[in-house]
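Source file: input30.pdb. Holds: PDB, C-alpha atoms.
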ATOM      1  CA  MET A1103      -6.118 -74.793 -24.374
ATOM      2  CA  THR A1104      -9.811 -75.662 -24.207
ATOM      3  CA  GLY A1105     -10.257 -78.789 -26.323
ATOM      4  CA  ALA A1106      -8.374 -82.042 -26.886
ATOM      5  CA  ASP A1107      -9.158 -81.915 -30.624
ATOM      6  CA  LEU A1108      -7.111 -78.692 -30.870
ATOM      7  CA  VAL A1109      -3.902 -80.560 -29.999
ATOM      8  CA  LEU A1110      -2.304 -81.328 -33.366
ATOM      9  CA  PRO A1111       0.462 -83.939 -33.676
ATOM     10  CA  PRO A1112       3.943 -82.476 -33.048
ATOM     11  CA  THR A1113       6.120 -81.571 -36.003
ATOM     12  CA  ASP A1114       9.227 -83.067 -34.396
ATOM     13  CA  GLN A1115      10.346 -84.992 -31.327
ATOM     14  CA  GLN A1116      11.114 -81.812 -29.389
ATOM     15  CA  THR A1117       7.636 -80.269 -29.633
ATOM     16  CA  PRO A1118       5.772 -80.937 -26.366
ATOM     17  CA  THR A1119       2.070 -81.684 -26.150
ATOM     18  CA  ALA A1120      -0.590 -79.369 -24.730
ATOM     19  CA  VAL A1121      -2.944 -79.845 -21.789
ATOM     20  CA  PRO A1122      -6.630 -79.485 -22.714
ATOM     21  CA  LEU A1123      -8.680 -77.902 -19.928
ATOM     22  CA  GLN A1124     -12.144 -79.250 -19.166
ATOM     23  CA  ALA A1125     -15.409 -77.330 -19.352
ATOM     24  CA  PRO A1126     -17.200 -76.387 -16.104
ATOM     25  CA  GLY A1127     -19.871 -79.028 -16.736
ATOM     26  CA  ASP A1128     -17.216 -81.741 -16.912
ATOM     27  CA  GLN A1129     -15.030 -80.701 -13.973
ATOM     28  CA  PRO A1130     -15.820 -79.199 -10.543
ATOM     29  CA  LEU A1131     -14.133 -75.928  -9.635
ATOM     30  CA  GLU A1132     -12.035 -77.616  -6.944
ATOM     31  CA  ALA A1133     -10.593 -80.040  -9.499
ATOM     32  CA  ALA A1134      -9.887 -77.211 -11.936
ATOM     33  CA  LEU A1135      -8.009 -75.300  -9.242
ATOM     34  CA  ALA A1136      -5.978 -78.354  -8.299
ATOM     35  CA  GLU A1137      -5.123 -79.048 -11.935
ATOM     36  CA  MET A1138      -3.936 -75.483 -12.512
ATOM     37  CA  GLN A1139      -1.816 -75.563  -9.363
ATOM     38  CA  VAL A1140      -0.127 -78.740 -10.568
ATOM     39  CA  LEU A1141       0.585 -77.187 -13.967
ATOM     40  CA  GLN A1142       2.151 -74.122 -12.334
ATOM     41  CA  GLU A1143       4.298 -76.249 -10.049
ATOM     42  CA  GLN A1144       5.396 -78.457 -12.936
ATOM     43  CA  PHE A1145       6.081 -75.815 -15.589
ATOM     44  CA  GLY A1146       6.332 -72.508 -13.727
ATOM     45  CA  TYR A1147       4.001 -70.592 -16.064
ATOM     46  CA  VAL A1148       0.757 -71.504 -17.828
ATOM     47  CA  VAL A1149      -0.384 -70.008 -21.143
ATOM     48  CA  VAL A1150      -4.066 -70.693 -21.880
ATOM     49  CA  LEU A1151      -5.216 -70.060 -25.444
ATOM     50  CA  TYR A1152      -8.975 -70.075 -26.009
ATOM     51  CA  PRO A1153     -11.292 -69.088 -28.890
ATOM     52  CA  SER A1154     -13.438 -65.958 -28.797
ATOM     53  CA  SER A1155     -16.400 -68.257 -29.555
ATOM     54  CA  LEU A1156     -15.886 -70.179 -26.295
ATOM     55  CA  ASP A1157     -18.965 -70.509 -24.113
ATOM     56  CA  VAL A1158     -19.143 -67.648 -21.614
ATOM     57  CA  THR A1159     -19.360 -70.039 -18.650
ATOM     58  CA  PHE A1160     -16.042 -71.592 -19.682
ATOM     59  CA  VAL A1161     -14.428 -68.154 -20.016
ATOM     60  CA  ARG A1162     -15.688 -67.216 -16.554
ATOM     61  CA  ARG A1163     -14.247 -70.443 -15.170
ATOM     62  CA  LEU A1164     -10.800 -69.593 -16.560
ATOM     63  CA  HIS A1165     -10.852 -66.130 -15.000
ATOM     64  CA  THR A1166     -12.236 -67.507 -11.743
ATOM     65  CA  VAL A1167      -9.401 -70.021 -11.451
ATOM     66  CA  ARG A1168      -6.783 -67.337 -12.059
ATOM     67  CA  SER A1169      -8.475 -64.978  -9.602
ATOM     68  CA  ILE A1170      -8.806 -67.524  -6.791
ATOM     69  CA  LEU A1171      -5.211 -68.656  -7.182
ATOM     70  CA  GLU A1172      -4.140 -64.979  -7.220
ATOM     71  CA  SER A1173      -1.502 -66.006  -9.704
ATOM     72  CA  ASP A1174       0.554 -63.778 -11.974
ATOM     73  CA  ARG A1175       1.859 -66.871 -13.763
ATOM     74  CA  ILE A1176      -1.306 -67.638 -15.757
ATOM     75  CA  ALA A1177      -1.861 -65.942 -19.118
ATOM     76  CA  LEU A1178      -5.357 -66.094 -20.654
ATOM     77  CA  ILE A1179      -5.237 -65.312 -24.367
ATOM     78  CA  GLU A1180      -8.367 -64.996 -26.483
ATOM     79  CA  SER A1181      -8.124 -65.662 -30.226
ATOM     80  CA  ASP A1182     -10.487 -64.883 -33.115
ATOM     81  CA  LEU A1183      -8.986 -67.649 -35.283
ATOM     82  CA  PRO A1184     -11.296 -70.427 -36.479
ATOM     83  CA  PRO A1185     -10.802 -73.830 -34.782
ATOM     84  CA  LEU A1186      -8.170 -75.370 -37.083
ATOM     85  CA  GLY A1187      -6.247 -72.090 -37.206
ATOM     86  CA  LEU A1188      -6.269 -71.976 -33.420
ATOM     87  CA  ALA A1189      -4.961 -75.549 -33.285
ATOM     88  CA  VAL A1190      -2.077 -74.550 -35.585
ATOM     89  CA  LEU A1191      -1.294 -71.523 -33.411
ATOM     90  CA  VAL A1192      -1.276 -73.704 -30.295
ATOM     91  CA  ARG A1193       1.261 -76.007 -31.936
ATOM     92  CA  GLN A1194       3.470 -73.077 -32.893
ATOM     93  CA  LEU A1195       3.481 -71.898 -29.273
ATOM     94  CA  ARG A1196       4.345 -75.440 -28.224
ATOM     95  CA  GLN A1197       7.329 -75.269 -30.574
ATOM     96  CA  LEU A1198       8.429 -71.957 -29.082
ATOM     97  CA  SER A1199       8.082 -73.212 -25.512
ATOM     98  CA  VAL A1200      11.268 -75.264 -25.814
ATOM     99  CA  CYS A1201      13.246 -72.421 -27.402
ATOM    100  CA  ASP A1202      15.283 -69.761 -25.605
ATOM    101  CA  PHE A1203      12.293 -67.497 -24.929
ATOM    102  CA  THR A1204      10.773 -66.471 -21.622
ATOM    103  CA  ALA A1205       7.151 -67.280 -20.812
ATOM    104  CA  GLY A1206       6.141 -63.671 -21.422
ATOM    105  CA  VAL A1207       7.561 -63.692 -24.943
ATOM    106  CA  VAL A1208       6.006 -67.073 -25.769
ATOM    107  CA  ALA A1209       2.579 -65.861 -24.619
ATOM    108  CA  ALA A1210       2.835 -62.558 -26.507
ATOM    109  CA  SER A1211       3.936 -64.423 -29.644
ATOM    110  CA  ALA A1212       0.361 -65.656 -30.075
ATOM    111  CA  ARG A1213      -0.676 -62.265 -31.435
ATOM    112  CA  LEU A1214       2.278 -62.014 -33.785
ATOM    113  CA  LEU A1215       2.032 -65.539 -35.189
ATOM    114  CA  ALA A1216      -1.743 -65.325 -35.680
ATOM    115  CA  HIS A1217      -1.091 -62.588 -38.227
ATOM    116  CA  TYR A1218       0.823 -65.102 -40.380
ATOM    117  CA  ILE A1219      -1.878 -67.784 -40.307
ATOM    118  CA  TYR A1220      -4.189 -67.965 -43.335
ATOM    119  CA  ALA A1221      -7.242 -69.773 -41.980
ATOM    120  CA  GLY A1222     -10.256 -70.565 -44.120
ATOM    121  CA  ALA A1223     -12.709 -73.160 -45.342
ATOM    122  CA  LEU A1224     -14.555 -74.468 -48.373
ATOM    123  CA  LEU A1225     -18.287 -74.316 -47.574
ATOM    124  CA  ASN A1226     -21.454 -75.551 -49.274
ATOM    125  CA  SER A1227     -23.361 -72.576 -47.846
ATOM    126  CA  VAL A1228     -22.726 -69.199 -46.218
ATOM    127  CA  ALA A1229     -26.329 -68.722 -45.116
ATOM    128  CA  ARG A1230     -25.370 -69.208 -41.460
ATOM    129  CA  LEU A1231     -21.849 -67.802 -41.625
ATOM    130  CA  ASP A1232     -21.545 -64.874 -39.214
ATOM    131  CA  ARG A1233     -17.767 -64.764 -38.644
ATOM    132  CA  VAL A1234     -16.974 -63.246 -42.063
ATOM    133  CA  PRO A1235     -18.899 -60.475 -43.868
ATOM    134  CA  VAL A1236     -21.342 -62.028 -46.358
ATOM    135  CA  SER A1237     -23.186 -59.985 -48.986
ATOM    136  CA  LEU A1238     -26.880 -60.452 -49.761
ATOM    137  CA  LYS A1239     -25.874 -61.724 -53.181
ATOM    138  CA  SER A1240     -23.703 -64.459 -51.641
ATOM    139  CA  HIS A1241     -26.530 -65.358 -49.263
ATOM    140  CA  ALA A1242     -28.857 -65.760 -52.250
ATOM    141  CA  LYS A1243     -26.342 -67.942 -54.082
ATOM    142  CA  SER A1244     -26.192 -70.228 -51.039
ATOM    143  CA  TRP A1245     -29.658 -71.496 -51.962
ATOM    144  CA  VAL A1246     -28.536 -72.628 -55.437
ATOM    145  CA  PRO A1247     -27.973 -76.417 -55.347
ATOM    146  CA  GLY A1248     -24.335 -77.411 -55.700
ATOM    147  CA  SER A1249     -22.926 -73.990 -54.806
ATOM    148  CA  GLN A1250     -19.627 -73.873 -52.942
ATOM    149  CA  PHE A1251     -17.770 -70.958 -51.398
ATOM    150  CA  GLY A1252     -14.120 -70.370 -50.567
ATOM    151  CA  VAL A1253     -13.714 -68.321 -47.414
ATOM    152  CA  VAL A1254     -10.680 -66.928 -45.600
ATOM    153  CA  ALA A1255     -11.318 -65.603 -42.104
ATOM    154  CA  SER A1256      -7.779 -64.567 -41.159
ATOM    155  CA  PRO A1257      -5.668 -62.496 -41.506
ATOM    156  CA  GLN A1258      -8.115 -60.592 -43.767
ATOM    157  CA  PRO A1259     -11.686 -61.714 -44.592
ATOM    158  CA  GLN A1260     -12.265 -63.009 -48.123
ATOM    159  CA  LEU A1261     -15.195 -64.794 -49.762
ATOM    160  CA  VAL A1262     -15.619 -66.089 -53.318
ATOM    161  CA  LYS A1263     -18.104 -68.382 -55.025
ATOM    162  CA  ILE A1264     -16.210 -71.349 -56.393
ATOM    163  CA  GLY A1265     -15.955 -71.265 -60.173
ATOM    164  CA  PRO A1266     -13.333 -71.348 -62.936
ATOM    165  CA  ASP A1267     -11.969 -67.917 -62.002
ATOM    166  CA  ALA A1268     -12.339 -68.118 -58.216
ATOM    167  CA  GLN A1269      -9.238 -66.957 -56.355
ATOM    168  CA  LEU A1270      -8.358 -66.357 -52.741
ATOM    169  CA  LYS A1271      -5.347 -64.232 -51.884
ATOM    170  CA  GLY A1272      -2.803 -66.337 -50.030
ATOM    171  CA  PRO A1273       0.504 -65.835 -48.236
ATOM    172  CA  GLU A1274       3.455 -64.410 -50.133
ATOM    173  CA  TYR A1275       5.936 -66.597 -48.275
ATOM    174  CA  ALA A1276       6.560 -70.325 -47.972
ATOM    175  CA  THR A1277       3.923 -72.212 -45.983
ATOM    176  CA  GLN A1278       2.519 -75.667 -45.345
ATOM    177  CA  LEU A1279      -1.209 -76.417 -45.680
ATOM    178  CA  THR A1280      -3.146 -78.329 -43.048
ATOM    179  CA  VAL A1281      -6.547 -79.634 -44.163
ATOM    180  CA  ALA A1282      -9.439 -81.002 -42.075
ATOM    181  CA  ARG A1283     -12.346 -82.574 -43.949
ATOM    182  CA  GLY A1284     -15.959 -82.340 -42.859
ATOM    183  CA  GLN A1285     -19.041 -83.616 -44.709
ATOM    184  CA  LEU A1286     -18.132 -82.051 -48.048
ATOM    185  CA  GLN A1287     -16.767 -83.960 -51.020
ATOM    186  CA  SER A1288     -14.408 -81.796 -53.080
ATOM    187  CA  ASP A1289     -10.782 -81.677 -54.193
ATOM    188  CA  TRP A1290     -10.751 -77.886 -54.711
ATOM    189  CA  VAL A1291      -8.595 -77.200 -51.653
ATOM    190  CA  THR A1292      -5.872 -79.706 -52.553
ATOM    191  CA  ALA A1293      -6.083 -79.525 -56.361
ATOM    192  CA  THR A1294      -6.688 -75.784 -56.883
ATOM    193  CA  LEU A1295      -6.018 -73.742 -53.758
ATOM    194  CA  ALA A1296      -2.810 -75.494 -52.694
ATOM    195  CA  PRO A1297      -1.030 -74.986 -56.066
ATOM    196  CA  ALA A1298      -2.264 -71.383 -56.280
ATOM    197  CA  TRP A1299      -0.815 -70.659 -52.842
ATOM    198  CA  ARG A1300       2.394 -72.576 -53.733
ATOM    199  CA  VAL A1301       2.352 -74.486 -50.455
ATOM    200  CA  GLN A1302       5.350 -76.709 -49.779
ATOM    201  CA  GLY A1303       3.471 -79.560 -48.157
ATOM    202  CA  LEU A1304      -0.012 -80.889 -47.348
ATOM    203  CA  HIS A1305      -1.087 -82.375 -44.027
ATOM    204  CA  GLU A1306      -4.401 -83.975 -43.055
ATOM    205  CA  ALA A1307      -5.924 -83.364 -39.625
ATOM    206  CA  GLY A1308      -9.144 -84.261 -37.876
ATOM    207  CA  LEU A1309     -11.910 -81.676 -38.043
ATOM    208  CA  PRO A1310     -12.291 -79.926 -34.658
ATOM    209  CA  ALA A1311     -15.683 -80.400 -33.027
ATOM    210  CA  GLU A1312     -16.296 -76.630 -32.970
ATOM    211  CA  SER A1313     -15.671 -76.158 -36.718
ATOM    212  CA  SER A1314     -19.225 -76.869 -37.883
ATOM    213  CA  ARG A1315     -20.683 -74.308 -35.489
ATOM    214  CA  TRP A1316     -17.958 -71.751 -36.204
ATOM    215  CA  TRP A1317     -18.435 -71.928 -39.994
ATOM    216  CA  GLY A1318     -22.233 -72.372 -39.863
ATOM    217  CA  THR A1319     -22.316 -75.723 -41.662
ATOM    218  CA  GLY A1320     -21.047 -79.280 -41.306
ATOM    219  CA  LYS A1321     -20.497 -79.549 -45.051
ATOM    220  CA  LEU A1322     -17.049 -77.997 -45.171
ATOM    221  CA  ILE A1323     -13.336 -78.548 -45.603
ATOM    222  CA  GLU A1324     -11.291 -76.385 -43.252
ATOM    223  CA  PHE A1325      -7.757 -75.363 -44.234
ATOM    224  CA  VAL A1326      -4.857 -73.380 -42.786
ATOM    225  CA  ALA A1327      -1.671 -72.168 -44.471
ATOM    226  CA  HIS A1328       1.032 -71.623 -41.869
ATOM    227  CA  LEU A1329       4.705 -71.550 -40.994
ATOM    228  CA  THR A1330       6.032 -74.906 -39.812
ATOM    229  CA  ASP A1331       9.821 -74.633 -39.615
ATOM    230  CA  VAL A1332      10.663 -73.819 -36.000
ATOM    231  CA  SER A1333      13.802 -71.955 -37.078
ATOM    232  CA  VAL A1334      11.692 -69.543 -39.165
ATOM    233  CA  ILE A1335       9.157 -69.111 -36.354
ATOM    234  CA  HIS A1336      12.016 -68.522 -33.913
ATOM    235  CA  GLN A1337      13.587 -65.934 -36.196
ATOM    236  CA  LEU A1338      10.251 -64.170 -36.666
ATOM    237  CA  VAL A1339       9.695 -63.839 -32.925
ATOM    238  CA  SER A1340      13.344 -62.889 -32.336
ATOM    239  CA  SER A1341      13.020 -60.045 -34.852
ATOM    240  CA  VAL A1342      10.547 -58.178 -32.632
ATOM    241  CA  ARG A1343      11.838 -55.794 -30.007
ATOM    242  CA  ARG A1344      11.429 -57.045 -26.438
ATOM    243  CA  GLU A1345      10.221 -54.973 -23.530
ATOM    244  CA  ARG A1346       9.768 -55.304 -19.786
ATOM    245  CA  CYS A1347       6.275 -54.969 -18.385
ATOM    246  CA  HIS A1348       6.265 -51.964 -16.053
ATOM    247  CA  TRP A1349       3.688 -53.697 -13.822
ATOM    248  CA  CYS A1350       4.793 -57.334 -13.408
ATOM    249  CA  SER A1351       8.297 -57.181 -14.967
ATOM    250  CA  MET A1352       7.576 -59.979 -17.430
ATOM    251  CA  GLU A1353       9.502 -59.834 -20.703
ATOM    252  CA  LEU A1354       7.210 -59.376 -23.699
ATOM    253  CA  ILE A1355       6.860 -58.355 -27.322
ATOM    254  CA  GLY A1356       4.148 -56.078 -28.625
ATOM    255  CA  ASP A1357       2.240 -53.509 -26.608
ATOM    256  CA  ARG A1358       0.512 -55.542 -23.888
ATOM    257  CA  CYS A1359       1.559 -58.064 -21.262
ATOM    258  CA  CYS A1360      -0.389 -61.320 -21.545
ATOM    259  CA  PHE A1361       0.044 -62.127 -17.847
ATOM    260  CA  CYS A1362      -1.176 -58.912 -16.198
ATOM    261  CA  ALA A1363      -2.773 -57.163 -19.248
ATOM    262  CA  ALA A1364      -0.827 -53.936 -18.604
ATOM    263  CA  SER A1365      -0.238 -51.851 -21.744
ATOM    264  CA  LEU A1366       3.052 -50.306 -22.798
ATOM    265  CA  PRO A1367       3.463 -46.733 -24.036
ATOM    266  CA  PRO A1368       2.901 -46.509 -27.819
ATOM    267  CA  ARG A1369       5.901 -46.813 -30.122
ATOM    268  CA  THR A1370       6.541 -45.357 -33.539
ATOM    269  CA  PRO A1371       5.825 -47.592 -36.603
ATOM    270  CA  ARG A1372       8.670 -49.753 -37.915
ATOM    271  CA  GLN A1373      10.353 -49.629 -34.522
ATOM    272  CA  ASN A1374       9.207 -53.096 -33.494
ATOM    273  CA  GLN A1375      10.426 -55.569 -36.044
ATOM    274  CA  LYS A1376      13.440 -56.319 -38.203
ATOM    275  CA  PRO A1377      13.055 -58.069 -41.585
ATOM    276  CA  VAL A1378      12.934 -61.864 -41.585
ATOM    277  CA  ALA A1379      14.018 -63.669 -44.733
ATOM    278  CA  GLY A1380      10.988 -65.063 -46.587
ATOM    279  CA  VAL A1381       8.417 -63.467 -44.277
ATOM    280  CA  PRO A1382       7.020 -59.949 -44.845
ATOM    281  CA  THR A1383       7.476 -57.402 -42.079
ATOM    282  CA  GLU A1384       4.283 -55.785 -40.825
ATOM    283  CA  GLY A1385       5.875 -53.087 -38.657
ATOM    284  CA  THR A1386       3.650 -52.903 -35.600
ATOM    285  CA  LEU A1387       1.907 -55.947 -34.194
ATOM    286  CA  PRO A1388      -1.837 -56.497 -34.669
ATOM    287  CA  ALA A1389      -4.203 -54.916 -32.155
ATOM    288  CA  SER A1390      -4.127 -56.345 -28.652
ATOM    289  CA  PRO A1391      -6.617 -59.090 -27.806
ATOM    290  CA  ARG A1392      -9.209 -58.493 -25.144
ATOM    291  CA  SER A1393      -7.953 -59.616 -21.764
TER     292      SER A1393
END

Using the file provided, produce a representation of the structure as structure tokens.
Amino acid sequence: MTGADLVLPPTDQQTPTAVPLQAPGDQPLEAALAEMQVLQEQFGYVVVLYPSSLDVTFVRRLHTVRSILESDRIALIESDLPPLGLAVLVRQLRQLSVCDFTAGVVAASARLLAHYIYAGALLNSVARLDRVPVSLKSHAKSWVPGSQFGVVASPQPQLVKIGPDAQLKGPEYATQLTVARGQLQSDWVTATLAPAWRVQGLHEAGLPAESSRWWGTGKLIEFVAHLTDVSVIHQLVSSVRRERCHWCSMELIGDRCCFCAASLPPRTPRQNQKPVAGVPTEGTLPASPRS
């Protein structure tokens, strides 16, 4: 992953940590190559998860390292999740890494699990928010002193002005809520949103450095509702049909290999996934990320 502040504390003693990679300005190419070689030798495969908002020079560095090493054991996975949501997804992949899954399945699970992450924020303004559709009316309300907005970026965009009847659609299955506080004073997330979403636990986390830029304001409280129980996450991933990549032979789920980016032939709906107790089945996986 591409930032130390995206490494959340483990949920149990078995969950390993993650290795944050350094930006090109902080690490010469030779050092980056040496670091990646060590990771491959130590773990066999490397799964790199990075945000779609990552600086283009950093993205080029990641692809350059993989290209120079000519390695088919490095998966580069781009995610549209906001920073705290990405941190939660990274931790879920860390949980899966010690389960009975191959590297190809763990990497491909990023797309599946992201669909079950409800990532949003409470904002004092949406005037500079460009990650979620904002109407002209909402933009105008941003200039009213004291206005606050509840926003969900994933899995489906939502935006409401906070008021007595404000509601955001949440998950229909049991989740935990992780909250990261910025420069906004409010108890709406913990006192109103959490009960409405019937979360089973609240956890505080530090606000990622990228959050203010991602959401367009430093006056925010970022939140993520997510699955935490590794047995449920394991069952969810296990319920999806596994394939063999016809190009590199890696085992995978979904329609694209995360290590070589080769696509699989299309399958019929409802052929991918079996029901998982407490978690809705979505049939086919979300669209493939850009490689």

Evaluate the PyMOL selection byres ((chain A and resi 1127-1136) around 9) here and jot the selected residues down as a PDB file with C-alpha atoms, in the frame of the given file.
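Final file, selection.pdb:
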ATOM      1  CA  LEU A1123      -8.680 -77.902 -19.928  1.00  0.00           C
ATOM      2  CA  GLN A1124     -12.144 -79.250 -19.166  1.00  0.00           C
ATOM      3  CA  ALA A1125     -15.409 -77.330 -19.352  1.00  0.00           C
ATOM      4  CA  PRO A1126     -17.200 -76.387 -16.104  1.00  0.00           C
ATOM      5  CA  GLU A1137      -5.123 -79.048 -11.935  1.00  0.00           C
ATOM      6  CA  MET A1138      -3.936 -75.483 -12.512  1.00  0.00           C
ATOM      7  CA  GLN A1139      -1.816 -75.563  -9.363  1.00  0.00           C
ATOM      8  CA  VAL A1140      -0.127 -78.740 -10.568  1.00  0.00           C
ATOM      9  CA  LEU A1141       0.585 -77.187 -13.967  1.00  0.00           C
ATOM     10  CA  PHE A1160     -16.042 -71.592 -19.682  1.00  0.00           C
ATOM     11  CA  ARG A1163     -14.247 -70.443 -15.170  1.00  0.00           C
ATOM     12  CA  LEU A1164     -10.800 -69.593 -16.560  1.00  0.00           C
ATOM     13  CA  THR A1166     -12.236 -67.507 -11.743  1.00  0.00           C
ATOM     14  CA  VAL A1167      -9.401 -70.021 -11.451  1.00  0.00           C
ATOM     15  CA  ARG A1168      -6.783 -67.337 -12.059  1.00  0.00           C
ATOM     16  CA  ILE A1170      -8.806 -67.524  -6.791  1.00  0.00           C
ATOM     17  CA  LEU A1171      -5.211 -68.656  -7.182  1.00  0.00           C
TER      18      LEU A1171
END

(request) For atom CA of A:Arg1196 and atom CA of A:Leu1215, determine how far apart the two atoms are, in Å to one decimal place. (result) 12.3 Å

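This file gives the following result for the PyMOL selection byres ((chain A and resi 1113) around 12): Val1109, Leu1110, Pro1111, Pro1112, Asp1114, Gln1115, Gln1116, Thr1117, Pro1118, Thr1119, Val1190, Arg1193, Gln1194, Arg1196, Gln1197, Gln1278, His1305, Leu1329, Thr1330, Asp1331 and Val1332 of chain A.
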
Dump of C-alpha atoms for the selected residues, as a short mmCIF file (atom, residue, chain, number, x, y, z; two decimals), in the coordinates of the input:
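The new file selection10.cif reads:
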data_model
loop_
_atom_site.label_atom_id
_atom_site.label_comp_id
_atom_site.auth_asym_id
_atom_site.auth_seq_id
_atom_site.Cartn_x
_atom_site.Cartn_y
_atom_site.Cartn_z
CA VAL A 1109 -3.90 -80.56 -30.00
CA LEU A 1110 -2.30 -81.33 -33.37
CA PRO A 1111 0.46 -83.94 -33.68
CA PRO A 1112 3.94 -82.48 -33.05
CA ASP A 1114 9.23 -83.07 -34.40
CA GLN A 1115 10.35 -84.99 -31.33
CA GLN A 1116 11.11 -81.81 -29.39
CA THR A 1117 7.64 -80.27 -29.63
CA PRO A 1118 5.77 -80.94 -26.37
CA THR A 1119 2.07 -81.68 -26.15
CA VAL A 1190 -2.08 -74.55 -35.58
CA ARG A 1193 1.26 -76.01 -31.94
CA GLN A 1194 3.47 -73.08 -32.89
CA ARG A 1196 4.34 -75.44 -28.22
CA GLN A 1197 7.33 -75.27 -30.57
CA GLN A 1278 2.52 -75.67 -45.34
CA HIS A 1305 -1.09 -82.38 -44.03
CA LEU A 1329 4.70 -71.55 -40.99
CA THR A 1330 6.03 -74.91 -39.81
CA ASP A 1331 9.82 -74.63 -39.62
CA VAL A 1332 10.66 -73.82 -36.00
#

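Between A:Ser1227 and the residues A:Pro1153, A:Gly1187, A:Gly1318, A:Pro1297, the shortest atom-to-atom distance, using only C-alpha atoms, involves A:Gly1318.
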
How big is the axis-aligned box around all listed atoms of stretch 1333-1352 of chain A once 3 Å goes on each side, and where's its centre, in Å to one decimal, as AutoDock Vina command-line options?
--center_x 8.7 --center_y -62.0 --center_z -26.3 --size_x 16.1 --size_y 26.0 --size_z 31.8

(request) For each of A:Glu1353, A:Leu1198, A:Leu1279, A:Ser1169, take the minimum atom-to-atom distance to A:Gly1303, counting all atoms listed in the file, then give the residue where this is smallest. (result)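 Of A:Glu1353, A:Leu1198, A:Leu1279, A:Ser1169, the one nearest A:Gly1303 is A:Leu1279, counting all atoms listed in the file.
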
(message) I need the residue nearest A:Ala1120 from this list: A:Leu1178, A:Ala1255, A:Leu1156, A:Ala1189. Use all atoms listed in the file for the distance.
(response)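 Of the candidates, the smallest distance to A:Ala1120 is held by A:Ala1189.
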
(request) Please indicate the distance in Å from atom CA of A:Asp1232 to atom CA of A:Arg1315, rounded to one decimal place. (result) 10.2 Å

(message) Please enumerate the residues selected by the PyMOL selection byres ((chain A and resi 1212) around 12) when evaluated against the supplied file, formatted as a PyMOL selection string.
(response) chain A and resi 1149-1152+1177-1183+1187-1199+1205-1211+1213-1219+1335+1338-1339+1354-1356+1358-1360+1387-1391

(message) Which residue is closest to A:Val1246? Choose from A:Cys1201, A:Ile1176, A:Ala1229, A:Leu1309 and count only C-alpha atoms.
(response)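 Looking only at the distances to A:Val1246, the closest residue turns out to be A:Ala1229.
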
(message) Tell me which residues come within 8 Å of (-16.0, -73.0, -57.1), as a list of chain:residue names, counting all atoms listed in the file in the file's coordinates.
(response)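 Here the neighbourhood of the point contains A:Ser1249, A:Gln1250, A:Phe1251, A:Gly1252, A:Val1262, A:Lys1263, A:Ile1264, A:Gly1265, A:Pro1266, A:Ala1268, A:Trp1290.
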